[in-house]
>>> print(open('start_21.pdb').read())   # PDB, N, CA, C and O atoms
ATOM      1  N   MET A  26       0.839  -1.177   0.000
ATOM      2  CA  MET A  26       0.000   0.000   0.000
ATOM      3  C   MET A  26       0.889   1.247   0.000
ATOM      4  O   MET A  26       1.834   1.345   0.770
ATOM      5  N   VAL A  27       0.565   2.186  -0.850
ATOM      6  CA  VAL A  27       1.318   3.426  -0.964
ATOM      7  C   VAL A  27       0.615   4.494  -0.131
ATOM      8  O   VAL A  27      -0.587   4.710  -0.291
ATOM      9  N   PRO A  28       1.356   5.165   0.769
ATOM     10  CA  PRO A  28       0.725   6.232   1.554
ATOM     11  C   PRO A  28       0.263   7.373   0.646
ATOM     12  O   PRO A  28       0.827   7.589  -0.429
ATOM     13  N   ASP A  29      -0.764   8.098   1.102
ATOM     14  CA  ASP A  29      -1.239   9.222   0.294
ATOM     15  C   ASP A  29      -0.206  10.357   0.301
ATOM     16  O   ASP A  29       0.771  10.336   1.038
ATOM     17  N   ARG A  30      -0.422  11.339  -0.527
ATOM     18  CA  ARG A  30       0.545  12.421  -0.714
ATOM     19  C   ARG A  30       0.787  13.195   0.576
ATOM     20  O   ARG A  30       1.918  13.537   0.910
ATOM     21  N   TYR A  31      -0.272  13.453   1.330
ATOM     22  CA  TYR A  31      -0.140  14.188   2.594
ATOM     23  C   TYR A  31       0.765  13.419   3.553
ATOM     24  O   TYR A  31       1.662  13.992   4.175
ATOM     25  N   THR A  32       0.559  12.116   3.656
ATOM     26  CA  THR A  32       1.364  11.288   4.550
ATOM     27  C   THR A  32       2.812  11.245   4.078
ATOM     28  O   THR A  32       3.741  11.340   4.888
ATOM     29  N   LEU A  33       3.014  11.132   2.772
ATOM     30  CA  LEU A  33       4.376  11.139   2.223
ATOM     31  C   LEU A  33       5.089  12.449   2.539
ATOM     32  O   LEU A  33       6.265  12.452   2.910
ATOM     33  N   GLU A  34       4.377  13.560   2.398
ATOM     34  CA  GLU A  34       4.976  14.862   2.677
ATOM     35  C   GLU A  34       5.321  14.989   4.156
ATOM     36  O   GLU A  34       6.376  15.525   4.509
ATOM     37  N   LYS A  35       4.438  14.506   5.046
ATOM     38  CA  LYS A  35       4.720  14.548   6.471
ATOM     39  C   LYS A  35       5.925  13.676   6.805
ATOM     40  O   LYS A  35       6.788  14.064   7.598
ATOM     41  N   MET A  36       5.997  12.491   6.192
ATOM     42  CA  MET A  36       7.127  11.599   6.427
ATOM     43  C   MET A  36       8.425  12.233   5.919
ATOM     44  O   MET A  36       9.464  12.154   6.580
ATOM     45  N   ALA A  37       8.346  12.860   4.748
ATOM     46  CA  ALA A  37       9.525  13.508   4.169
ATOM     47  C   ALA A  37       9.985  14.652   5.057
ATOM     48  O   ALA A  37      11.186  14.829   5.291
ATOM     49  N   LEU A  38       9.039  15.436   5.561
ATOM     50  CA  LEU A  38       9.379  16.552   6.439
ATOM     51  C   LEU A  38      10.033  16.044   7.718
ATOM     52  O   LEU A  38      11.065  16.567   8.144
ATOM     53  N   ALA A  39       9.476  15.021   8.328
ATOM     54  CA  ALA A  39      10.046  14.465   9.555
ATOM     55  C   ALA A  39      11.453  13.926   9.296
ATOM     56  O   ALA A  39      12.368  14.149  10.099
ATOM     57  N   HIS A  40      11.637  13.252   8.172
ATOM     58  CA  HIS A  40      12.957  12.705   7.831
ATOM     59  C   HIS A  40      13.959  13.828   7.589
ATOM     60  O   HIS A  40      15.102  13.772   8.055
ATOM     61  N   ARG A  41      13.524  14.849   6.863
ATOM     62  CA  ARG A  41      14.384  15.989   6.574
ATOM     63  C   ARG A  41      14.800  16.693   7.866
ATOM     64  O   ARG A  41      15.961  17.067   8.045
ATOM     65  N   GLN A  42      13.839  16.846   8.808
ATOM     66  CA  GLN A  42      14.157  17.485  10.081
ATOM     67  C   GLN A  42      15.175  16.645  10.858
ATOM     68  O   GLN A  42      16.088  17.194  11.477
ATOM     69  N   GLN A  43      15.007  15.342  10.820
ATOM     70  CA  GLN A  43      15.970  14.460  11.503
ATOM     71  C   GLN A  43      17.354  14.599  10.883
ATOM     72  O   GLN A  43      18.356  14.688  11.598
ATOM     73  N   LEU A  44      17.416  14.624   9.561
ATOM     74  CA  LEU A  44      18.706  14.797   8.893
ATOM     75  C   LEU A  44      19.328  16.148   9.232
ATOM     76  O   LEU A  44      20.543  16.253   9.420
ATOM     77  N   GLN A  45      18.485  17.185   9.336
ATOM     78  CA  GLN A  45      18.997  18.505   9.692
ATOM     79  C   GLN A  45      19.537  18.513  11.119
ATOM     80  O   GLN A  45      20.572  19.128  11.397
ATOM     81  N   ARG A  46      18.832  17.825  12.033
ATOM     82  CA  ARG A  46      19.334  17.730  13.407
ATOM     83  C   ARG A  46      20.682  17.002  13.429
ATOM     84  O   ARG A  46      21.612  17.427  14.126
ATOM     85  N   GLU A  47      20.775  15.920  12.669
ATOM     86  CA  GLU A  47      22.033  15.172  12.608
ATOM     87  C   GLU A  47      23.139  16.026  11.994
ATOM     88  O   GLU A  47      24.284  15.999  12.470
ATOM     89  N   ALA A  48      22.807  16.776  10.953
ATOM     90  CA  ALA A  48      23.800  17.635  10.314
ATOM     91  C   ALA A  48      24.261  18.725  11.283
ATOM     92  O   ALA A  48      25.462  19.044  11.340
ATOM     93  N   GLU A  49      23.352  19.292  12.040
ATOM     94  CA  GLU A  49      23.710  20.313  13.031
ATOM     95  C   GLU A  49      24.615  19.703  14.100
ATOM     96  O   GLU A  49      25.608  20.316  14.509
ATOM     97  N   HIS A  50      24.292  18.503  14.522
ATOM     98  CA  HIS A  50      25.119  17.812  15.503
ATOM     99  C   HIS A  50      26.526  17.588  14.946
ATOM    100  O   HIS A  50      27.527  17.831  15.637
ATOM    101  N   GLU A  51      26.601  17.146  13.709
ATOM    102  CA  GLU A  51      27.904  16.933  13.068
ATOM    103  C   GLU A  51      28.656  18.253  12.924
ATOM    104  O   GLU A  51      29.872  18.299  13.088
ATOM    105  N   ARG A  52      27.924  19.310  12.619
ATOM    106  CA  ARG A  52      28.574  20.625  12.496
ATOM    107  C   ARG A  52      29.182  21.036  13.825
ATOM    108  O   ARG A  52      30.317  21.518  13.894
ATOM    109  N   LEU A  53      28.414  20.834  14.901
ATOM    110  CA  LEU A  53      28.934  21.178  16.219
ATOM    111  C   LEU A  53      30.141  20.317  16.583
ATOM    112  O   LEU A  53      31.110  20.813  17.154
ATOM    113  N   LEU A  54      30.075  19.038  16.244
ATOM    114  CA  LEU A  54      31.220  18.166  16.502
ATOM    115  C   LEU A  54      32.426  18.584  15.671
ATOM    116  O   LEU A  54      33.565  18.507  16.121
ATOM    117  N   GLY A  55      32.166  19.024  14.445
ATOM    118  CA  GLY A  55      33.251  19.456  13.563
ATOM    119  C   GLY A  55      33.964  20.684  14.079
ATOM    120  O   GLY A  55      35.125  20.923  13.750
ATOM    121  N   ALA A  56      33.280  21.479  14.900
ATOM    122  CA  ALA A  56      33.892  22.674  15.466
ATOM    123  C   ALA A  56      34.877  22.318  16.580
ATOM    124  O   ALA A  56      35.721  23.133  16.948
ATOM    125  N   LEU A  57      34.771  21.096  17.093
ATOM    126  CA  LEU A  57      35.698  20.660  18.140
ATOM    127  C   LEU A  57      37.060  20.388  17.522
ATOM    128  O   LEU A  57      37.162  19.915  16.392
ATOM    129  N   PRO A  58      38.128  20.660  18.269
ATOM    130  CA  PRO A  58      39.466  20.391  17.728
ATOM    131  C   PRO A  58      39.673  18.899  17.478
ATOM    132  O   PRO A  58      39.233  18.060  18.254
ATOM    133  N   GLY A  59      40.318  18.582  16.367
ATOM    134  CA  GLY A  59      40.671  17.203  16.056
ATOM    135  C   GLY A  59      39.550  16.374  15.458
ATOM    136  O   GLY A  59      39.676  15.180  15.306
ATOM    137  N   HIS A  60      38.433  16.983  15.080
ATOM    138  CA  HIS A  60      37.323  16.217  14.510
ATOM    139  C   HIS A  60      37.230  16.511  13.019
ATOM    140  O   HIS A  60      37.261  17.649  12.588
ATOM    141  N   SER A  61      37.097  15.474  12.223
ATOM    142  CA  SER A  61      37.039  15.601  10.765
ATOM    143  C   SER A  61      35.668  16.090  10.318
ATOM    144  O   SER A  61      34.651  15.785  10.938
ATOM    145  N   SER A  62      35.615  16.825   9.217
ATOM    146  CA  SER A  62      34.339  17.282   8.655
ATOM    147  C   SER A  62      33.769  16.271   7.659
ATOM    148  O   SER A  62      32.736  16.520   7.056
ATOM    149  N   HIS A  63      34.447  15.142   7.491
ATOM    150  CA  HIS A  63      33.976  14.120   6.555
ATOM    151  C   HIS A  63      32.543  13.673   6.846
ATOM    152  O   HIS A  63      31.746  13.572   5.907
ATOM    153  N   PRO A  64      32.167  13.411   8.097
ATOM    154  CA  PRO A  64      30.787  12.985   8.360
ATOM    155  C   PRO A  64      29.757  14.037   7.925
ATOM    156  O   PRO A  64      28.675  13.689   7.474
ATOM    157  N   LEU A  65      30.114  15.298   8.037
ATOM    158  CA  LEU A  65      29.189  16.354   7.621
ATOM    159  C   LEU A  65      28.972  16.302   6.105
ATOM    160  O   LEU A  65      27.835  16.417   5.636
ATOM    161  N   ARG A  66      30.029  16.101   5.366
ATOM    162  CA  ARG A  66      29.878  15.979   3.904
ATOM    163  C   ARG A  66      29.034  14.758   3.561
ATOM    164  O   ARG A  66      28.216  14.790   2.644
ATOM    165  N   HIS A  67      29.243  13.685   4.308
ATOM    166  CA  HIS A  67      28.466  12.467   4.092
ATOM    167  C   HIS A  67      26.977  12.727   4.340
ATOM    168  O   HIS A  67      26.121  12.310   3.556
ATOM    169  N   MET A  68      26.654  13.424   5.409
ATOM    170  CA  MET A  68      25.259  13.722   5.730
ATOM    171  C   MET A  68      24.646  14.642   4.667
ATOM    172  O   MET A  68      23.487  14.474   4.290
ATOM    173  N   ALA A  69      25.416  15.608   4.207
ATOM    174  CA  ALA A  69      24.923  16.505   3.165
ATOM    175  C   ALA A  69      24.628  15.723   1.889
ATOM    176  O   ALA A  69      23.612  15.964   1.219
ATOM    177  N   ALA A  70      25.487  14.787   1.570
ATOM    178  CA  ALA A  70      25.266  13.956   0.381
ATOM    179  C   ALA A  70      24.015  13.107   0.554
ATOM    180  O   ALA A  70      23.208  12.971  -0.379
ATOM    181  N   ARG A  71      23.834  12.516   1.745
ATOM    182  CA  ARG A  71      22.643  11.706   2.005
ATOM    183  C   ARG A  71      21.376  12.552   1.899
ATOM    184  O   ARG A  71      20.366  12.101   1.348
ATOM    185  N   LEU A  72      21.425  13.777   2.425
ATOM    186  CA  LEU A  72      20.267  14.664   2.335
ATOM    187  C   LEU A  72      19.958  14.987   0.872
ATOM    188  O   LEU A  72      18.802  14.957   0.452
ATOM    189  N   GLY A  73      20.979  15.270   0.089
ATOM    190  CA  GLY A  73      20.778  15.562  -1.330
ATOM    191  C   GLY A  73      20.162  14.393  -2.070
ATOM    192  O   GLY A  73      19.232  14.559  -2.862
ATOM    193  N   ILE A  74      20.665  13.196  -1.814
ATOM    194  CA  ILE A  74      20.120  11.998  -2.463
ATOM    195  C   ILE A  74      18.669  11.791  -2.060
ATOM    196  O   ILE A  74      17.813  11.479  -2.893
ATOM    197  N   PHE A  75      18.378  11.982  -0.769
ATOM    198  CA  PHE A  75      17.001  11.828  -0.290
ATOM    199  C   PHE A  75      16.065  12.816  -0.990
ATOM    200  O   PHE A  75      14.983  12.457  -1.437
ATOM    201  N   LEU A  76      16.485  14.074  -1.096
ATOM    202  CA  LEU A  76      15.628  15.085  -1.716
ATOM    203  C   LEU A  76      15.404  14.796  -3.200
ATOM    204  O   LEU A  76      14.295  14.997  -3.704
ATOM    205  N   ILE A  77      16.418  14.327  -3.879
ATOM    206  CA  ILE A  77      16.260  13.964  -5.288
ATOM    207  C   ILE A  77      15.277  12.804  -5.424
ATOM    208  O   ILE A  77      14.365  12.837  -6.255
ATOM    209  N   ALA A  78      15.438  11.779  -4.588
ATOM    210  CA  ALA A  78      14.539  10.627  -4.638
ATOM    211  C   ALA A  78      13.106  11.045  -4.308
ATOM    212  O   ALA A  78      12.151  10.581  -4.939
ATOM    213  N   LEU A  79      12.957  11.934  -3.328
ATOM    214  CA  LEU A  79      11.622  12.417  -2.968
ATOM    215  C   LEU A  79      10.986  13.167  -4.133
ATOM    216  O   LEU A  79       9.803  12.972  -4.441
ATOM    217  N   GLY A  80      11.759  14.012  -4.799
ATOM    218  CA  GLY A  80      11.238  14.747  -5.950
ATOM    219  C   GLY A  80      10.779  13.817  -7.062
ATOM    220  O   GLY A  80       9.716  14.020  -7.658
ATOM    221  N   ILE A  81      11.576  12.793  -7.327
ATOM    222  CA  ILE A  81      11.195  11.814  -8.351
ATOM    223  C   ILE A  81       9.912  11.110  -7.956
ATOM    224  O   ILE A  81       8.996  10.943  -8.763
ATOM    225  N   ARG A  82       9.830  10.706  -6.690
ATOM    226  CA  ARG A  82       8.641   9.988  -6.202
ATOM    227  C   ARG A  82       7.395  10.874  -6.283
ATOM    228  O   ARG A  82       6.331  10.430  -6.713
ATOM    229  N   LEU A  83       7.514  12.139  -5.913
ATOM    230  CA  LEU A  83       6.372  13.042  -5.970
ATOM    231  C   LEU A  83       5.940  13.291  -7.414
ATOM    232  O   LEU A  83       4.741  13.380  -7.697
ATOM    233  N   ARG A  84       6.911  13.394  -8.333
ATOM    234  CA  ARG A  84       6.555  13.552  -9.746
ATOM    235  C   ARG A  84       5.796  12.337 -10.248
ATOM    236  O   ARG A  84       4.846  12.463 -11.018
ATOM    237  N   GLN A  85       6.212  11.153  -9.808
ATOM    238  CA  GLN A  85       5.523   9.931 -10.225
ATOM    239  C   GLN A  85       4.093   9.924  -9.693
ATOM    240  O   GLN A  85       3.174   9.476 -10.375
ATOM    241  N   LEU A  86       3.897  10.406  -8.489
ATOM    242  CA  LEU A  86       2.560  10.425  -7.901
ATOM    243  C   LEU A  86       1.655  11.445  -8.589
ATOM    244  O   LEU A  86       0.442  11.276  -8.609
ATOM    245  N   GLU A  87       2.242  12.498  -9.139
ATOM    246  CA  GLU A  87       1.456  13.527  -9.811
ATOM    247  C   GLU A  87       0.980  13.081 -11.195
ATOM    248  O   GLU A  87      -0.012  13.597 -11.709
ATOM    249  N   GLN A  88       1.695  12.157 -11.786
ATOM    250  CA  GLN A  88       1.321  11.702 -13.121
ATOM    251  C   GLN A  88       0.010  10.937 -13.049
ATOM    252  O   GLN A  88      -0.215  10.166 -12.117
ATOM    253  N   PRO A  89      -0.865  11.167 -14.023
ATOM    254  CA  PRO A  89      -2.134  10.421 -14.015
ATOM    255  C   PRO A  89      -1.871   8.934 -14.214
ATOM    256  O   PRO A  89      -1.039   8.531 -15.010
ATOM    257  N   ARG A  90      -2.572   8.157 -13.442
ATOM    258  CA  ARG A  90      -2.401   6.708 -13.532
ATOM    259  C   ARG A  90      -3.298   6.173 -14.639
ATOM    260  O   ARG A  90      -4.452   6.560 -14.760
ATOM    261  N   THR A  91      -2.751   5.263 -15.396
ATOM    262  CA  THR A  91      -3.550   4.634 -16.438
ATOM    263  C   THR A  91      -3.912   3.241 -15.933
ATOM    264  O   THR A  91      -3.052   2.481 -15.503
ATOM    265  N   SER A  92      -5.166   2.963 -15.964
ATOM    266  CA  SER A  92      -5.606   1.637 -15.476
ATOM    267  C   SER A  92      -5.561   0.647 -16.620
ATOM    268  O   SER A  92      -5.789   0.977 -17.766
ATOM    269  N   LEU A  93      -5.252  -0.569 -16.278
ATOM    270  CA  LEU A  93      -5.211  -1.623 -17.281
ATOM    271  C   LEU A  93      -6.607  -2.186 -17.441
ATOM    272  O   LEU A  93      -7.247  -2.578 -16.468
ATOM    273  N   ALA A  94      -7.073  -2.230 -18.652
ATOM    274  CA  ALA A  94      -8.407  -2.774 -18.921
ATOM    275  C   ALA A  94      -8.313  -4.281 -19.019
ATOM    276  O   ALA A  94      -7.452  -4.837 -19.696
ATOM    277  N   VAL A  95      -9.192  -4.946 -18.337
ATOM    278  CA  VAL A  95      -9.224  -6.406 -18.367
ATOM    279  C   VAL A  95     -10.332  -6.799 -19.311
ATOM    280  O   VAL A  95     -11.486  -6.427 -19.136
ATOM    281  N   ASN A  96     -10.001  -7.582 -20.323
ATOM    282  CA  ASN A  96     -11.013  -7.980 -21.323
ATOM    283  C   ASN A  96     -11.658  -9.249 -20.916
ATOM    284  O   ASN A  96     -11.216 -10.201 -20.513
TER
END
>>> encode(input="start_21.pdb", output="structure tokens")
Amino acid sequence: MVPDRYTLEKMALAHRQQLQREAEHERLLGALPGHSSHPLRHMAARLGIFLIALGIRLRQLEQPRTSLAVN
């Protein structure tokens, strides 16, 4: 079962907020001496991939569905 658009948007928003919290945490850790910024770049890449996938999924949901006729 595919969730409706409203539910997908709420799920996407919650996921995005979680990623932003994680990115902020990584940013704060990166400000500490001796900590690499590599995890922050990794999180940014994951966020970008997620947003691209979400955009593709939303475009697919917007397209009119064609039903298969059963003869």
>>> resolve_selection(input="start_21.pdb", expression="the PyMOL selection byres ((chain A and resi 63-78) around 8)", output="number ranges by chain")
A: 37, 40-41, 44-45, 47-52, 55, 60-62, 79-85
>>> atom_distance(input="start_21.pdb", atom1="atom CA of Thr32 of chain A", atom2="atom N of Arg46 of chain A")
20.1 Å
>>> select_by_dssp(input="start_21.pdb", residues="chain A", states="helix (DSSP H, G or I)", output="ChimeraX atom specification")
/A:30-55,63-87
>>> atom_distance(input="start_21.pdb", atom1="atom C of Leu86 of chain A", atom2="atom N of Asp29 of chain A")
10.5 Å
>>> atom_distance(input="start_21.pdb", atom1="atom CA of Leu54 of chain A", atom2="atom CA of Ala39 of chain A")
22.6 Å
>>> closest_residue(input="start_21.pdb", among="A:Ala56, A:Arg30, A:Gln43, A:Met36", to="Glu87 of chain A", atoms="only C-alpha atoms")
A:Arg30
